[in-house]
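Structure file data16.cif (mmCIF, C-alpha atoms) follows.
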```cif
data_protein
#
loop_
_atom_site.label_atom_id
_atom_site.label_comp_id
_atom_site.auth_asym_id
_atom_site.auth_seq_id
_atom_site.Cartn_x
_atom_site.Cartn_y
_atom_site.Cartn_z
CA MET L 223 -10.71 9.32 38.27
CA ALA L 224 -11.70 8.60 41.86
CA GLU L 225 -8.65 7.56 43.81
CA ASP L 226 -9.75 4.56 45.80
CA PRO L 227 -6.61 3.14 47.43
CA GLN L 228 -8.20 -0.27 47.75
CA ARG L 229 -9.01 -0.41 44.08
CA ASN L 230 -5.66 0.95 43.05
CA PHE L 231 -3.95 -1.67 45.11
CA ARG L 232 -6.00 -4.32 43.37
CA SER L 233 -5.23 -2.96 39.95
CA HIS L 234 -1.61 -2.88 40.86
CA TYR L 235 -1.83 -6.45 42.03
CA TYR L 236 -3.54 -7.57 38.84
CA GLU L 237 -0.79 -5.96 36.90
CA LYS L 238 1.81 -7.95 38.78
CA VAL L 239 0.09 -11.28 38.33
CA GLY L 240 -0.84 -10.72 34.74
CA PHE L 241 -4.45 -9.61 34.95
CA ARG L 242 -3.43 -6.18 33.89
CA GLY L 243 -6.17 -4.26 32.27
CA VAL L 244 -9.29 -6.14 33.37
CA GLU L 245 -10.91 -2.89 34.45
CA GLU L 246 -9.44 -0.98 31.56
CA LYS L 247 -10.95 -3.40 29.12
CA LYS L 248 -14.37 -2.92 30.69
CA SER L 249 -14.19 0.83 30.54
CA LEU L 250 -13.07 0.73 26.93
CA GLU L 251 -15.99 -1.55 26.11
CA ILE L 252 -18.33 1.08 27.53
CA LEU L 253 -16.73 3.73 25.31
CA LEU L 254 -17.07 1.47 22.31
CA LYS L 255 -20.80 1.19 22.88
CA ASP L 256 -21.21 4.85 22.02
CA ASP L 257 -22.60 5.41 18.55
CA PRO L 258 -21.21 7.60 17.12
CA LEU L 259 -17.93 6.86 18.84
CA ASP L 260 -16.48 9.69 20.88
CA VAL L 261 -13.06 10.05 19.31
CA GLU L 262 -11.84 12.44 21.96
CA LYS L 263 -12.70 10.05 24.78
CA LEU L 264 -11.01 7.21 22.95
CA CYS L 265 -7.88 9.36 22.62
CA THR L 266 -7.92 10.12 26.32
CA PHE L 267 -8.30 6.45 27.11
CA ALA L 268 -5.44 5.45 24.83
CA GLN L 269 -3.22 8.14 26.34
CA ARG L 270 -3.72 6.64 29.79
CA TYR L 271 -3.86 2.91 29.19
CA PRO L 272 -2.52 0.42 26.72
CA LEU L 273 -5.32 -0.71 24.41
CA PRO L 274 -6.54 -4.26 24.95
CA SER L 275 -5.25 -6.16 21.93
CA MET L 276 -8.70 -7.35 20.81
CA TYR L 277 -9.86 -3.75 20.33
CA ARG L 278 -6.62 -2.20 19.17
CA LEU L 279 -7.29 -2.50 15.44
CA LEU L 280 -10.73 -0.91 15.70
CA VAL L 281 -9.54 1.94 17.90
CA TRP L 282 -6.49 2.66 15.75
CA LYS L 283 -8.65 2.77 12.63
CA VAL L 284 -11.11 5.16 14.20
CA LEU L 285 -8.42 7.41 15.68
CA LEU L 286 -6.57 7.53 12.37
CA GLY L 287 -9.77 8.32 10.47
CA ILE L 288 -9.74 5.10 8.47
CA LEU L 289 -13.18 4.34 9.86
CA PRO L 290 -15.63 7.11 10.76
CA PRO L 291 -17.19 7.38 14.23
CA HIS L 292 -20.58 6.09 13.05
CA TYR L 293 -20.86 2.33 13.13
CA GLU L 294 -23.56 2.47 10.47
CA SER L 295 -21.03 3.84 7.97
CA HIS L 296 -18.34 1.31 8.69
CA SER L 297 -19.20 -1.21 6.02
CA THR L 298 -19.65 1.42 3.30
CA VAL L 299 -16.40 3.16 4.18
CA ALA L 300 -14.54 -0.15 4.50
CA THR L 301 -15.66 -0.99 0.97
CA PHE L 302 -14.35 2.34 -0.33
CA ARG L 303 -11.03 1.74 1.43
CA LYS L 304 -10.72 -1.69 -0.08
CA GLU L 305 -11.51 -0.46 -3.59
CA GLN L 306 -8.96 2.30 -3.26
CA TYR L 307 -6.37 -0.29 -2.26
CA GLN L 308 -7.23 -2.53 -5.18
CA ASP L 309 -7.21 0.34 -7.66
CA LEU L 310 -3.70 1.27 -6.57
CA LEU L 311 -2.46 -2.29 -6.65
CA GLN L 312 -3.82 -2.94 -10.11
CA ALA L 313 -2.33 0.23 -11.56
CA LEU L 314 1.07 -0.61 -10.12
CA GLN L 315 0.91 -4.06 -11.64
CA VAL L 316 0.09 -2.65 -15.05
CA ILE L 317 3.03 -0.27 -15.00
CA ARG L 318 5.22 -3.09 -13.67
CA PHE L 319 6.15 -1.45 -10.40
CA VAL L 320 4.71 -4.40 -8.58
CA GLN L 321 5.15 -8.05 -9.48
CA ASP L 322 4.17 -11.27 -7.80
CA SER L 323 7.59 -11.42 -6.23
CA THR L 324 7.49 -7.88 -4.79
CA PRO L 325 7.64 -7.99 -0.97
CA GLN L 326 4.43 -6.76 0.63
CA VAL L 327 6.03 -3.76 2.34
CA TRP L 328 7.37 -2.60 -1.03
CA VAL L 329 3.90 -2.90 -2.46
CA TYR L 330 2.69 -0.61 0.34
CA LEU L 331 5.50 1.84 -0.35
CA ARG L 332 4.66 2.01 -4.06
CA MET L 333 0.98 2.47 -3.31
CA TYR L 334 1.79 5.25 -0.89
CA GLN L 335 4.09 6.92 -3.41
CA LEU L 336 1.50 6.66 -6.15
CA GLU L 337 -1.12 8.22 -3.89
CA SER L 338 1.12 11.04 -2.78
CA GLY L 339 2.46 11.73 -6.26
CA THR L 340 6.02 10.72 -5.40
CA LEU L 341 6.32 7.53 -7.39
CA PRO L 342 9.82 7.53 -8.95
CA ARG L 343 10.15 7.15 -12.72
CA ARG L 344 11.64 3.70 -12.40
CA PRO L 345 11.24 0.98 -9.79
CA SER L 346 15.03 0.74 -9.52
CA HIS L 347 15.33 4.31 -8.26
CA SER L 348 17.14 4.39 -4.91
CA LEU L 349 15.24 4.96 -1.68
CA GLU L 350 14.74 8.37 -0.13
CA PRO L 351 15.20 8.65 3.65
CA GLU L 352 11.44 8.94 4.16
CA ASP L 353 10.96 5.73 2.17
CA VAL L 354 13.26 3.94 4.60
CA VAL L 355 11.12 5.16 7.50
CA PHE L 356 7.97 4.06 5.68
CA ILE L 357 9.37 0.59 5.09
CA ALA L 358 10.37 0.21 8.75
CA ILE L 359 6.92 1.21 9.96
CA ALA L 360 5.31 -1.01 7.32
CA GLU L 361 7.37 -4.02 8.36
CA ALA L 362 6.27 -3.66 11.96
CA MET L 363 2.67 -3.04 11.00
CA GLU L 364 2.61 -6.04 8.72
CA GLU L 365 3.58 -8.20 11.69
CA MET L 366 0.76 -6.79 13.78
CA VAL L 367 -2.08 -6.75 11.27
CA GLU L 368 -3.16 -9.73 9.24
CA ASN L 369 -5.29 -8.10 6.58
CA ASP L 370 -3.34 -6.38 3.78
CA VAL L 371 -5.90 -3.65 3.18
CA ASP L 372 -5.96 -2.78 6.88
CA ALA L 373 -2.18 -2.89 7.11
CA TYR L 374 -1.76 -0.51 4.17
CA TRP L 375 -4.28 1.99 5.46
CA LEU L 376 -2.81 1.91 8.94
CA VAL L 377 0.74 2.48 7.72
CA LYS L 378 -0.32 5.25 5.39
CA CYS L 379 -2.42 7.09 7.95
CA PHE L 380 0.10 6.51 10.72
CA VAL L 381 2.90 7.98 8.64
CA ASN L 382 0.78 10.89 7.44
CA GLN L 383 -0.50 11.69 10.89
CA PHE L 384 2.97 11.43 12.36
CA ASN L 385 4.45 13.81 9.80
CA ASN L 386 1.62 16.31 10.02
CA LYS L 387 1.29 16.32 13.76
CA TYR L 388 4.80 15.76 15.00
CA GLY L 389 6.98 16.64 12.02
CA ASP L 390 7.97 19.92 13.68
CA SER L 391 8.59 18.37 17.09
CA VAL L 392 10.79 15.48 16.00
CA PRO L 393 13.95 17.60 15.58
CA HIS L 394 13.57 18.77 19.19
CA LEU L 395 13.19 15.33 20.72
CA PRO L 396 16.94 14.73 21.24
CA LYS L 397 17.11 17.95 23.29
CA SER L 398 14.10 16.85 25.25
CA LEU L 399 15.71 13.48 25.92
CA GLU L 400 18.80 15.25 27.21
CA HIS L 401 16.66 17.37 29.50
CA TYR L 402 14.92 14.36 31.08
CA LEU L 403 18.12 12.36 31.30
CA ASN L 404 19.66 15.23 33.19
CA LEU L 405 16.80 15.10 35.69
CA GLU L 406 16.85 11.32 36.04
CA ASP L 407 20.54 10.54 35.92
CA SER L 408 22.91 13.41 35.33
CA LYS L 409 25.93 11.12 35.72
CA LEU L 410 24.89 9.06 32.76
CA LEU L 411 24.27 12.20 30.73
CA ILE L 412 27.72 13.54 31.56
CA HIS L 413 29.25 10.23 30.57
CA LEU L 414 27.42 10.20 27.26
CA LYS L 415 28.41 13.78 26.61
CA THR L 416 32.10 13.38 27.45
CA SER L 417 32.30 10.32 25.25
CA LEU L 418 30.64 12.39 22.49
CA ALA L 419 27.89 9.80 22.19
CA MET L 420 24.94 12.12 22.76
CA SER L 421 24.92 13.25 19.15
CA LYS L 422 25.28 9.71 17.86
CA LEU L 423 22.43 7.95 19.61
CA PRO L 424 20.07 6.07 17.26
CA TYR L 425 17.62 8.96 17.04
CA ASP L 426 16.26 7.88 13.66
CA LEU L 427 15.37 4.48 15.01
CA TRP L 428 13.76 5.96 18.11
CA PHE L 429 12.12 9.14 16.93
CA MET L 430 11.36 8.47 13.28
CA HIS L 431 10.89 4.72 13.04
CA CYS L 432 9.06 4.99 16.37
CA PHE L 433 10.94 1.94 17.68
CA ALA L 434 9.73 -0.27 14.83
CA GLY L 435 12.03 -3.28 14.73
CA CYS L 436 13.76 -2.09 17.89
CA LEU L 437 11.43 -3.23 20.64
CA PRO L 438 9.31 -6.36 20.98
CA GLU L 439 5.99 -6.11 19.16
CA THR L 440 3.87 -5.67 22.28
CA SER L 441 6.00 -2.74 23.39
CA VAL L 442 5.89 -1.14 19.97
CA GLN L 443 2.10 -1.44 20.00
CA ARG L 444 1.92 0.36 23.32
CA VAL L 445 4.17 3.13 22.09
CA TRP L 446 2.06 3.48 18.99
CA ASP L 447 -1.14 3.60 21.04
CA LYS L 448 0.17 6.86 22.48
CA ILE L 449 1.36 8.22 19.17
CA ILE L 450 -1.87 7.45 17.39
CA SER L 451 -3.91 8.97 20.19
CA GLY L 452 -2.05 12.25 20.05
CA SER L 453 1.33 12.50 21.75
CA CYS L 454 4.88 11.85 20.64
CA LYS L 455 6.40 12.49 24.07
CA ILE L 456 6.28 8.79 24.69
CA LEU L 457 9.17 8.41 22.26
CA VAL L 458 11.39 10.43 24.57
CA PHE L 459 10.36 8.48 27.65
CA VAL L 460 10.97 5.11 26.05
CA ALA L 461 14.36 6.26 24.81
CA LEU L 462 15.11 7.46 28.34
CA GLU L 463 14.01 4.10 29.71
CA ILE L 464 16.37 2.32 27.35
CA LEU L 465 19.29 4.50 28.44
CA LEU L 466 18.53 3.98 32.13
CA THR L 467 18.00 0.25 31.69
CA PHE L 468 21.42 -0.19 30.13
CA LYS L 469 23.19 2.39 32.27
CA MET L 470 25.82 -0.04 33.58
CA LYS L 471 26.76 -1.24 30.14
CA LEU L 472 26.82 2.30 28.75
CA MET L 473 28.96 3.59 31.58
CA ALA L 474 31.52 0.90 30.77
CA MET L 475 31.86 2.05 27.16
CA ASN L 476 33.90 5.08 26.23
CA LYS L 477 33.72 5.16 22.47
CA ALA L 478 30.77 6.94 20.90
CA GLU L 479 30.67 4.39 18.08
CA ASN L 480 30.42 1.48 20.50
CA ILE L 481 27.65 3.15 22.46
CA ALA L 482 25.73 3.95 19.30
CA GLN L 483 26.23 0.44 17.98
CA PHE L 484 25.15 -1.12 21.25
CA LEU L 485 21.96 0.95 21.41
CA GLN L 486 21.19 0.29 17.78
CA ASN L 487 21.26 -3.44 18.49
CA VAL L 488 19.53 -3.43 21.84
CA SER L 489 16.47 -4.89 20.21
CA VAL L 490 18.18 -7.93 18.83
CA THR L 491 20.22 -8.79 21.86
CA HIS L 492 18.09 -7.82 24.82
CA HIS L 493 14.42 -8.26 25.28
CA ASN L 494 14.81 -6.77 28.66
CA ALA L 495 11.77 -7.14 30.86
CA ALA L 496 12.11 -3.57 32.07
CA LEU L 497 11.27 -2.32 28.61
CA LEU L 498 7.96 -4.11 28.70
CA CYS L 499 6.87 -2.74 32.03
CA TRP L 500 6.75 1.00 31.64
CA TYR V 95 -29.79 14.10 15.69
CA LEU V 96 -29.70 16.12 12.52
CA GLU V 97 -26.06 16.94 13.17
CA ASN V 98 -25.51 13.25 13.57
CA VAL V 99 -26.93 12.42 10.16
CA LYS V 100 -24.82 15.15 8.61
CA ASN V 101 -21.65 13.88 10.26
CA MET V 102 -22.36 10.36 9.20
CA ALA V 103 -22.81 11.43 5.61
CA SER V 104 -19.62 13.44 5.71
CA GLY V 105 -17.62 10.43 6.89
CA GLU V 106 -18.80 8.41 3.91
CA LEU V 107 -18.39 11.29 1.53
CA GLN V 108 -14.81 11.87 2.61
CA ALA V 109 -13.95 8.24 2.02
CA ALA V 110 -15.61 8.38 -1.42
CA GLU V 111 -13.70 11.56 -2.19
CA SER V 112 -10.39 10.00 -1.24
CA ARG V 113 -11.10 7.00 -3.45
CA TYR V 114 -11.83 9.37 -6.34
CA GLU V 115 -8.74 11.49 -5.80
CA THR V 116 -6.59 8.38 -5.79
CA GLN V 117 -8.17 7.25 -9.02
CA LYS V 118 -7.29 10.64 -10.50
CA GLY V 119 -3.69 10.21 -9.37
CA ILE V 120 -3.66 6.79 -11.01
CA THR V 121 -4.87 8.27 -14.28
CA ARG V 122 -2.10 10.85 -14.18
CA THR V 123 0.56 8.21 -13.51
CA LEU V 124 -0.72 6.00 -16.31
CA GLN V 125 -0.66 8.91 -18.74
CA CYS V 126 2.99 9.58 -17.95
CA GLU V 127 3.76 5.92 -18.42
CA ILE V 128 2.07 5.94 -21.82
CA LEU V 129 4.13 8.91 -22.99
CA GLU V 130 7.28 7.21 -21.84
CA LEU V 131 6.37 3.96 -23.55
CA TYR V 132 5.67 5.79 -26.79
CA SER V 133 9.06 7.44 -26.70
CA LYS V 134 10.74 4.12 -25.94
CA LEU V 135 8.85 2.53 -28.78
CA GLU V 136 9.97 5.21 -31.18
CA ARG V 137 13.55 4.70 -30.19
CA ALA V 138 13.23 0.92 -30.51
CA ALA V 139 11.29 0.95 -33.75
CA PRO V 140 11.57 4.22 -35.70
CA PRO V 141 8.17 5.10 -37.13
CA GLU V 142 9.54 5.54 -40.72
CA LYS V 143 9.91 1.84 -41.26
CA PRO V 144 8.29 0.03 -38.38
CA ALA V 145 8.11 -3.26 -40.32
CA THR V 146 11.86 -3.66 -40.72
CA ALA V 147 12.66 -2.97 -37.12
CA GLU V 148 11.92 -6.52 -36.05
CA TYR O 194 -36.30 18.64 6.87
CA LEU O 195 -34.42 15.61 8.15
CA GLU O 196 -35.55 13.65 5.13
CA ASN O 197 -34.24 16.49 3.04
CA VAL O 198 -30.80 16.32 4.63
CA LYS O 199 -30.69 12.58 4.14
CA ASN O 200 -31.63 12.90 0.49
CA MET O 201 -29.08 15.57 -0.08
CA ALA O 202 -26.39 13.45 1.54
CA SER O 203 -27.26 10.45 -0.56
CA GLY O 204 -27.32 12.64 -3.66
CA GLU O 205 -23.82 13.86 -2.93
CA LEU O 206 -22.62 10.36 -2.34
CA GLN O 207 -24.10 9.24 -5.65
CA ALA O 208 -22.42 12.12 -7.43
CA ALA O 209 -19.09 11.13 -5.88
CA GLU O 210 -19.78 7.56 -6.91
CA SER O 211 -20.40 8.50 -10.52
CA ARG O 212 -17.33 10.71 -10.70
CA TYR O 213 -15.30 7.80 -9.40
CA GLU O 214 -16.77 5.37 -11.91
CA THR O 215 -16.00 7.74 -14.78
CA GLN O 216 -12.44 8.10 -13.65
CA LYS O 217 -12.16 4.36 -13.28
CA GLY O 218 -13.34 3.92 -16.84
CA ILE O 219 -10.56 6.22 -17.99
CA THR O 220 -8.06 4.21 -15.99
CA ARG O 221 -9.26 1.00 -17.59
CA THR O 222 -8.75 2.44 -21.07
CA LEU O 223 -5.29 3.66 -20.21
CA GLN O 224 -4.36 0.32 -18.73
CA CYS O 225 -5.31 -1.46 -21.95
CA GLU O 226 -3.25 1.05 -23.89
CA ILE O 227 -0.25 0.39 -21.66
CA LEU O 228 -0.52 -3.36 -22.00
CA GLU O 229 -0.63 -2.98 -25.74
CA LEU O 230 2.35 -0.64 -25.80
CA TYR O 231 4.33 -3.08 -23.70
CA SER O 232 3.63 -5.90 -26.07
CA LYS O 233 4.54 -3.75 -29.08
CA LEU O 234 7.72 -2.71 -27.37
CA GLU O 235 8.63 -6.29 -26.66
CA ARG O 236 8.11 -7.23 -30.27
CA ALA O 237 10.18 -4.25 -31.42
CA ALA O 238 12.95 -4.80 -28.91
CA PRO O 239 12.95 -8.34 -27.52
CA PRO O 240 13.92 -8.21 -23.86
CA GLU O 241 16.61 -10.91 -24.32
CA LYS O 242 18.88 -8.65 -26.34
CA PRO O 243 17.42 -5.15 -26.33
CA ALA O 244 20.70 -3.60 -27.52
CA THR O 245 20.88 -5.49 -30.80
CA ALA O 246 17.26 -4.96 -31.76
CA GLU O 247 17.85 -1.48 -33.10
#
```
Go through the file and emit its structure as structure tokens.
Amino acid sequence: MAEDPQRNFRSHYYEKVGFRGVEEKKSLEILLKDDPLDVEKLCTFAQRYPLPSMYRLLVWKVLLGILPPHYESHSTVATFRKEQYQDLLQALQVIRFVQDSTPQVWVYLRMYQLESGTLPRRPSHSLEPEDVVFIAIAEAMEEMVENDVDAYWLVKCFVNQFNNKYGDSVPHLPKSLEHYLNLEDSKLLIHLKTSLAMSKLPYDLWFMHCFAGCLPETSVQRVWDKIISGSCKILVFVALEILLTFKMKLMAMNKAENIAQFLQNVSVTHHNAALLCW
Amino acid sequence: YLENVKNMASGELQAAESRYETQKGITRTLQCEILELYSKLERAAPPEKPATAE
Amino acid sequence: YLENVKNMASGELQAAESRYETQKGITRTLQCEILELYSKLERAAPPEKPATAE
């Protein structure tokens, strides 16, 4: 990108006064005029900028392969997707895994299990850890997306993509967080280490639930923009941001349990502006 | 352009394929359910004298 | 040649379509079977007191 200081200043200014993304929106609109869509360019865009909310659903679907790059195929493929959803739902109703009273995210979980051949023998079977992750992601997605068919496909493809692409990296993310925290604020790291909190941070919530239910929806969407477009590093940086934002509070706590508890509940108690501005 | 047509077709074909595979998975699940229901039924109402079981 | 590619693609899609429909027919049959088994089971072992039905 050409570095025009004047323009950058303006963009910066827009950001401050709430016009953030006027230029980004225009450049995305140009990309969306391509037919077929250039998936790689869309990924690059989403890596750099938050997606404008009016185009987020379309871009996510294309990046996750729910819709193909050719606009001409969209209606045919959307019909197939819908039928697949309905087939699953109907089968689950017949075998009584899904009833009218079943919460929507549970319906999604059962559909996903049926598709991946992991449906338990009975609905009462207790949840596996990966089911808990699925439910958390599904709950957040359900808030973001109105249409059930879209929501199911997005959760399913998000979870699949995440596991396939980042499954091997996730175990290393805590180490990576430690590395960056050491660079940014070694005092805080030392404090967290001496209080034995480093191993007890809410890593599941951050690195597996991808901040679902932990950050405000708009922040989660921005994190997911990056994940869907091909990088899970963002998870480390957001976790780092959380630690730095609450440094004072964390420094005042000495018990690992208290630190872990505090960070686990950050979402509920603090919608800190700093978390929205990265 | 030709490549384009091919890619377009493959997008649709993949979606059709996924719909089919899911349907196959559904069939498998339903078959298991049927077997289980039969065995439950046999336990509930032994086949020797199904009329008296009620 | 282009026409050829298009025809081939649509042929493949139709084949996928028909495979899907067949599978769906099987599913439908199995679903009916399950519904029937459930109703038999309920008659054999009323859900109110399943333990005493045997």
Go through the shown structure with the PyMOL selection byres ((chain L and resi 396-409) around 8) and write out the matching residues as JSON, numbers by chain.
{"L": [393, 394, 395, 410, 411, 412, 413, 425, 458, 459, 461, 462, 466]}
On this file, the PyMOL selection byres ((chain O) within 12 of (chain L)) gives some set of residues; write that set as a CSV table (one decimal) with C-alpha atoms, in the coordinates of the input.
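Output file part00.csv is given in full below:
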```
chain,number,residue,atom,x,y,z
O,206,LEU,CA,-22.6,10.4,-2.3
O,209,ALA,CA,-19.1,11.1,-5.9
O,210,GLU,CA,-19.8,7.6,-6.9
O,213,TYR,CA,-15.3,7.8,-9.4
O,214,GLU,CA,-16.8,5.4,-11.9
O,216,GLN,CA,-12.4,8.1,-13.6
O,217,LYS,CA,-12.2,4.4,-13.3
O,218,GLY,CA,-13.3,3.9,-16.8
O,220,THR,CA,-8.1,4.2,-16.0
O,221,ARG,CA,-9.3,1.0,-17.6
O,222,THR,CA,-8.8,2.4,-21.1
O,223,LEU,CA,-5.3,3.7,-20.2
O,224,GLN,CA,-4.4,0.3,-18.7
O,225,CYS,CA,-5.3,-1.5,-22.0
O,226,GLU,CA,-3.2,1.0,-23.9
O,227,ILE,CA,-0.2,0.4,-21.7
O,228,LEU,CA,-0.5,-3.4,-22.0
O,229,GLU,CA,-0.6,-3.0,-25.7
O,230,LEU,CA,2.4,-0.6,-25.8
O,231,TYR,CA,4.3,-3.1,-23.7
```
Test item: the PyMOL selection byres ((chain O and resi 202) around 10) resolved as a CSV table (one decimal) with C-alpha atoms, keeping the file's coordinate frame:
```
chain,number,residue,atom,x,y,z
V,99,VAL,CA,-26.9,12.4,10.2
V,100,LYS,CA,-24.8,15.2,8.6
V,101,ASN,CA,-21.6,13.9,10.3
V,102,MET,CA,-22.4,10.4,9.2
V,103,ALA,CA,-22.8,11.4,5.6
V,104,SER,CA,-19.6,13.4,5.7
V,106,GLU,CA,-18.8,8.4,3.9
V,107,LEU,CA,-18.4,11.3,1.5
O,196,GLU,CA,-35.6,13.6,5.1
O,197,ASN,CA,-34.2,16.5,3.0
O,198,VAL,CA,-30.8,16.3,4.6
O,199,LYS,CA,-30.7,12.6,4.1
O,200,ASN,CA,-31.6,12.9,0.5
O,201,MET,CA,-29.1,15.6,-0.1
O,203,SER,CA,-27.3,10.4,-0.6
O,204,GLY,CA,-27.3,12.6,-3.7
O,205,GLU,CA,-23.8,13.9,-2.9
O,206,LEU,CA,-22.6,10.4,-2.3
O,207,GLN,CA,-24.1,9.2,-5.6
O,208,ALA,CA,-22.4,12.1,-7.4
```
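Superposing chain V on chain O by least squares over all C-alpha atoms, matched in sequence order, gives an RMSD of 1.2 Å.
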For Ala300 of chain L: contacts at 10 Å, all atoms listed in the file, fewer than 3 positions along chain excluded, given as a count of residues only
14
Could you please determine the separation between atom CA of Ala373 of chain L and atom CA of Ile219 of chain O in Å, to one decimal place?
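Going from atom CA of Ala373 of chain L over to atom CA of Ile219 of chain O covers 28.0 Å.
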Take atom CA of Gln321 of chain L and atom CA of Met333 of chain L and report the distance between them in Å, one decimal.
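According to the coordinates, atom CA of Gln321 of chain L and atom CA of Met333 of chain L are separated by 12.9 Å.
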Within 12 Å of (1.1, 9.8, 8.0), only C-alpha atoms: residues as a PyMOL selection string?
chain L and resi 286-288+334+338+352+355-356+359-360+374-389+430+449-450
Using only C-alpha atoms, which residues sit within 12 Å of Ala474 of chain L once same-chain residues fewer than 5 positions away are excluded, as a compact mmCIF listing (two decimals) with C-alpha atoms, in the frame of the given file?
```txt
# COMPACT_ATOMS: atom_id res chain seq x y z
CA LEU L 410 24.89 9.06 32.76
CA HIS L 413 29.25 10.23 30.57
CA LEU L 414 27.42 10.20 27.26
CA SER L 417 32.30 10.32 25.25
CA PHE L 468 21.42 -0.19 30.13
CA LYS L 469 23.19 2.39 32.27
CA ASN L 480 30.42 1.48 20.50
CA ILE L 481 27.65 3.15 22.46
CA PHE L 484 25.15 -1.12 21.25
```
Mind working out the centre and edge lengths of an axis-aligned box for segment 113-120 of chain V, all listed atoms inside, 6 Å added to each side, rounded to one decimal in Å and written as JSON?
```
{"center_x": -7.7, "center_y": 9.1, "center_z": -7.2, "size_x": 20.2, "size_y": 16.7, "size_z": 19.6}
```
Atom pair atom CA of Gln486 of chain L / atom CA of Leu465 of chain L: separation (Å)
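Calculated distance between atom CA of Gln486 of chain L and atom CA of Leu465 of chain L is 11.6 Å.
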